[in-house]
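The next block holds one structure in the form of structure tokens; read it before the comments.
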Amino acid sequence: MSESEAQEEYITVCQLMRTHGVKGYIKAMPLTHDLTRHEKLTDVMLKKTNSELVKLTVEDSRLANNLWLLKFKGYDTPESITHFVNGDIMIPESERLPAPEGEYYIDDLAGFRVKLEDGRDVGEVIEVQELPTVYAFQIKFDLEYQKEFSAQPILAPWVDDCVIEIDEEGESITCGADYLKSMCPGEK
């Protein structure tokens, strides 16, 4: 792998499942909103279950019952690809499709500014975590707002009562001040 490939960020587009047929096809579970995405795959990176990275070229692909059937160049038998099972197929982040209107890629929201309904800019989204029932924004308040809210980062759930608006262009989320205060430790 070249140095530029090693430095490039990759995202997973599907997980390989099991071999299919006798010509070297493997079933894959898509991890994207666009089920036709397999048609645009050419050079991909396989992350095997042992974390080894293998560069592959997609020779053929098709959709079958909401799964993808993938065939990689140079791998023509089921035996040649059994060690790919449960691996992840990744593409450079630069090739990622835009999220559908009104939807977001969770990892894109880290770094967004946190604003209140009154327009005050009070902190930053450190990361977005997937909790068992909801996504939550980990918010770190700016120094001048730590007395009003919290000196420690808090988790604010991605629910309508808390998150009023997400402004992708302005890279900010607007939250309800009262809801954020209710999430802060200590008495308010």
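We name chains A, B, ... following the order of the structure tokens; residues begin at 1 in each chain, and ligands are numbered from 1 as shown.
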
Spatial neighbours of region 98-112 of chain A, 8 Å, only C-alpha atoms, chain gap at least 6 places, as an MDAnalysis selection string = chainID A and resid 33 124:128 171:173

Could you write those residues out with N, CA and C atoms, as a PDB file, in the first residue's frame?
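Below is the file that was written, again_3.pdb:
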```
ATOM      1  N   HIS A  33     -27.064   4.006   1.972  1.00  0.00           N
ATOM      2  CA  HIS A  33     -28.465   4.292   1.653  1.00  0.00           C
ATOM      3  C   HIS A  33     -28.793   4.005   0.191  1.00  0.00           C
ATOM      4  N   GLU A 124     -19.262  23.110  21.472  1.00  0.00           N
ATOM      5  CA  GLU A 124     -18.915  22.319  20.295  1.00  0.00           C
ATOM      6  C   GLU A 124     -19.316  20.859  20.485  1.00  0.00           C
ATOM      7  N   VAL A 125     -19.716  20.232  19.373  1.00  0.00           N
ATOM      8  CA  VAL A 125     -19.989  18.795  19.378  1.00  0.00           C
ATOM      9  C   VAL A 125     -18.633  18.094  19.288  1.00  0.00           C
ATOM     10  N   ILE A 126     -18.284  17.338  20.325  1.00  0.00           N
ATOM     11  CA  ILE A 126     -17.017  16.604  20.344  1.00  0.00           C
ATOM     12  C   ILE A 126     -17.142  15.355  19.474  1.00  0.00           C
ATOM     13  N   GLU A 127     -18.250  14.627  19.645  1.00  0.00           N
ATOM     14  CA  GLU A 127     -18.517  13.429  18.852  1.00  0.00           C
ATOM     15  C   GLU A 127     -20.003  13.108  18.947  1.00  0.00           C
ATOM     16  N   VAL A 128     -20.431  12.212  18.082  1.00  0.00           N
ATOM     17  CA  VAL A 128     -21.799  11.700  18.143  1.00  0.00           C
ATOM     18  C   VAL A 128     -21.698  10.225  18.484  1.00  0.00           C
ATOM     19  N   GLU A 171     -22.492  24.511   9.702  1.00  0.00           N
ATOM     20  CA  GLU A 171     -21.858  23.569  10.621  1.00  0.00           C
ATOM     21  C   GLU A 171     -22.209  23.860  12.077  1.00  0.00           C
ATOM     22  N   SER A 172     -23.527  23.879  12.338  1.00  0.00           N
ATOM     23  CA  SER A 172     -23.971  24.108  13.711  1.00  0.00           C
ATOM     24  C   SER A 172     -25.248  23.316  13.981  1.00  0.00           C
ATOM     25  N   ILE A 173     -25.480  23.065  15.272  1.00  0.00           N
ATOM     26  CA  ILE A 173     -26.762  22.508  15.691  1.00  0.00           C
ATOM     27  C   ILE A 173     -27.357  23.495  16.687  1.00  0.00           C
TER      28      ILE A 173
END
```

Within 9 Å of region 17-22 of chain A: each region 49-163 of chain A residue with its shortest pair, only C-alpha atoms, as a Markdown table:
```
| residue | atom | partner | partner_atom | distance |
| --- | --- | --- | --- | --- |
| A:Leu69 | CA | A:His20 | CA | 7.7 |
| A:Asp76 | CA | A:Val22 | CA | 7.9 |
| A:Thr77 | CA | A:Val22 | CA | 5.7 |
| A:Pro78 | CA | A:Thr19 | CA | 5.8 |
| A:Glu79 | CA | A:Thr19 | CA | 8.5 |
| A:Ile81 | CA | A:Thr19 | CA | 7.2 |
| A:Thr82 | CA | A:Thr19 | CA | 6.6 |
| A:Phe84 | CA | A:Arg18 | CA | 8.4 |
| A:Val85 | CA | A:Met17 | CA | 5.3 |
| A:Asn86 | CA | A:Met17 | CA | 5.4 |
| A:Gly87 | CA | A:Met17 | CA | 7.9 |
```

Taking the backbone alone, and naming residues the way the document does, which bits of region 46-153 of chain A are strand (DSSP E or B) by DSSP, as an MDAnalysis selection string?
-> chainID A and resid 46:47 53:64 67:72 88:92 113:116 121:130 135:141

Prev. selection, C-alpha atoms, output as a PDB file, in the first residue's frame:
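Final file, again-v2.pdb:
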```
ATOM      1  CA  LEU A  46     -10.755  -5.055   1.940  1.00  0.00           C
ATOM      2  CA  LYS A  47     -10.232  -4.995   5.682  1.00  0.00           C
ATOM      3  CA  LEU A  53      -5.760  -4.639   4.271  1.00  0.00           C
ATOM      4  CA  VAL A  54      -6.006  -6.010   0.716  1.00  0.00           C
ATOM      5  CA  LYS A  55      -6.490  -3.866  -2.383  1.00  0.00           C
ATOM      6  CA  LEU A  56      -9.087  -5.393  -4.723  1.00  0.00           C
ATOM      7  CA  THR A  57     -10.683  -4.541  -8.054  1.00  0.00           C
ATOM      8  CA  VAL A  58     -14.393  -5.240  -8.487  1.00  0.00           C
ATOM      9  CA  GLU A  59     -14.787  -7.175 -11.731  1.00  0.00           C
ATOM     10  CA  ASP A  60     -18.568  -7.633 -11.569  1.00  0.00           C
ATOM     11  CA  SER A  61     -21.417  -6.810  -9.216  1.00  0.00           C
ATOM     12  CA  ARG A  62     -25.160  -7.167  -9.039  1.00  0.00           C
ATOM     13  CA  LEU A  63     -28.064  -6.675  -6.677  1.00  0.00           C
ATOM     14  CA  ALA A  64     -29.844  -9.777  -5.325  1.00  0.00           C
ATOM     15  CA  LEU A  67     -27.697  -7.870  -0.995  1.00  0.00           C
ATOM     16  CA  TRP A  68     -24.803  -7.343  -3.356  1.00  0.00           C
ATOM     17  CA  LEU A  69     -23.029 -10.112  -5.218  1.00  0.00           C
ATOM     18  CA  LEU A  70     -19.427  -9.048  -5.793  1.00  0.00           C
ATOM     19  CA  LYS A  71     -16.741 -10.641  -7.969  1.00  0.00           C
ATOM     20  CA  PHE A  72     -13.130  -9.522  -7.546  1.00  0.00           C
ATOM     21  CA  ASP A  88     -15.334  -4.981   5.259  1.00  0.00           C
ATOM     22  CA  ILE A  89     -15.164  -3.418   1.795  1.00  0.00           C
ATOM     23  CA  MET A  90     -13.987   0.164   2.104  1.00  0.00           C
ATOM     24  CA  ILE A  91     -13.618   3.087  -0.270  1.00  0.00           C
ATOM     25  CA  PRO A  92     -11.754   6.388   0.126  1.00  0.00           C
ATOM     26  CA  ARG A 113     -20.885  24.461  16.910  1.00  0.00           C
ATOM     27  CA  VAL A 114     -23.720  24.295  19.442  1.00  0.00           C
ATOM     28  CA  LYS A 115     -26.099  27.245  19.416  1.00  0.00           C
ATOM     29  CA  LEU A 116     -29.159  28.096  21.471  1.00  0.00           C
ATOM     30  CA  ASP A 121     -22.883  30.041  20.396  1.00  0.00           C
ATOM     31  CA  VAL A 122     -22.151  28.030  23.572  1.00  0.00           C
ATOM     32  CA  GLY A 123     -19.959  25.052  22.661  1.00  0.00           C
ATOM     33  CA  GLU A 124     -18.915  22.319  20.295  1.00  0.00           C
ATOM     34  CA  VAL A 125     -19.989  18.795  19.378  1.00  0.00           C
ATOM     35  CA  ILE A 126     -17.017  16.604  20.344  1.00  0.00           C
ATOM     36  CA  GLU A 127     -18.517  13.429  18.852  1.00  0.00           C
ATOM     37  CA  VAL A 128     -21.799  11.700  18.143  1.00  0.00           C
ATOM     38  CA  GLN A 129     -22.361   8.427  19.983  1.00  0.00           C
ATOM     39  CA  GLU A 130     -24.787   5.664  19.139  1.00  0.00           C
ATOM     40  CA  TYR A 135     -27.876   8.988  18.990  1.00  0.00           C
ATOM     41  CA  ALA A 136     -26.395  11.520  21.397  1.00  0.00           C
ATOM     42  CA  PHE A 137     -24.181  14.548  20.894  1.00  0.00           C
ATOM     43  CA  GLN A 138     -21.253  14.849  23.272  1.00  0.00           C
ATOM     44  CA  ILE A 139     -21.100  18.601  23.873  1.00  0.00           C
ATOM     45  CA  LYS A 140     -18.246  20.560  25.433  1.00  0.00           C
ATOM     46  CA  PHE A 141     -19.289  24.026  26.522  1.00  0.00           C
TER      47      PHE A 141
END
```

Between A:Glu117, A:Glu9, A:Asp142, A:Asp43, smallest distance to Gly176 (chain A) by only C-alpha atoms belongs to A:Glu117

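Compared by their closest atoms to Ile11 (chain A), and using only C-alpha atoms, the residues A:Glu165, A:Asp160, A:Glu95, A:Asp178 rank with A:Glu95 nearest.
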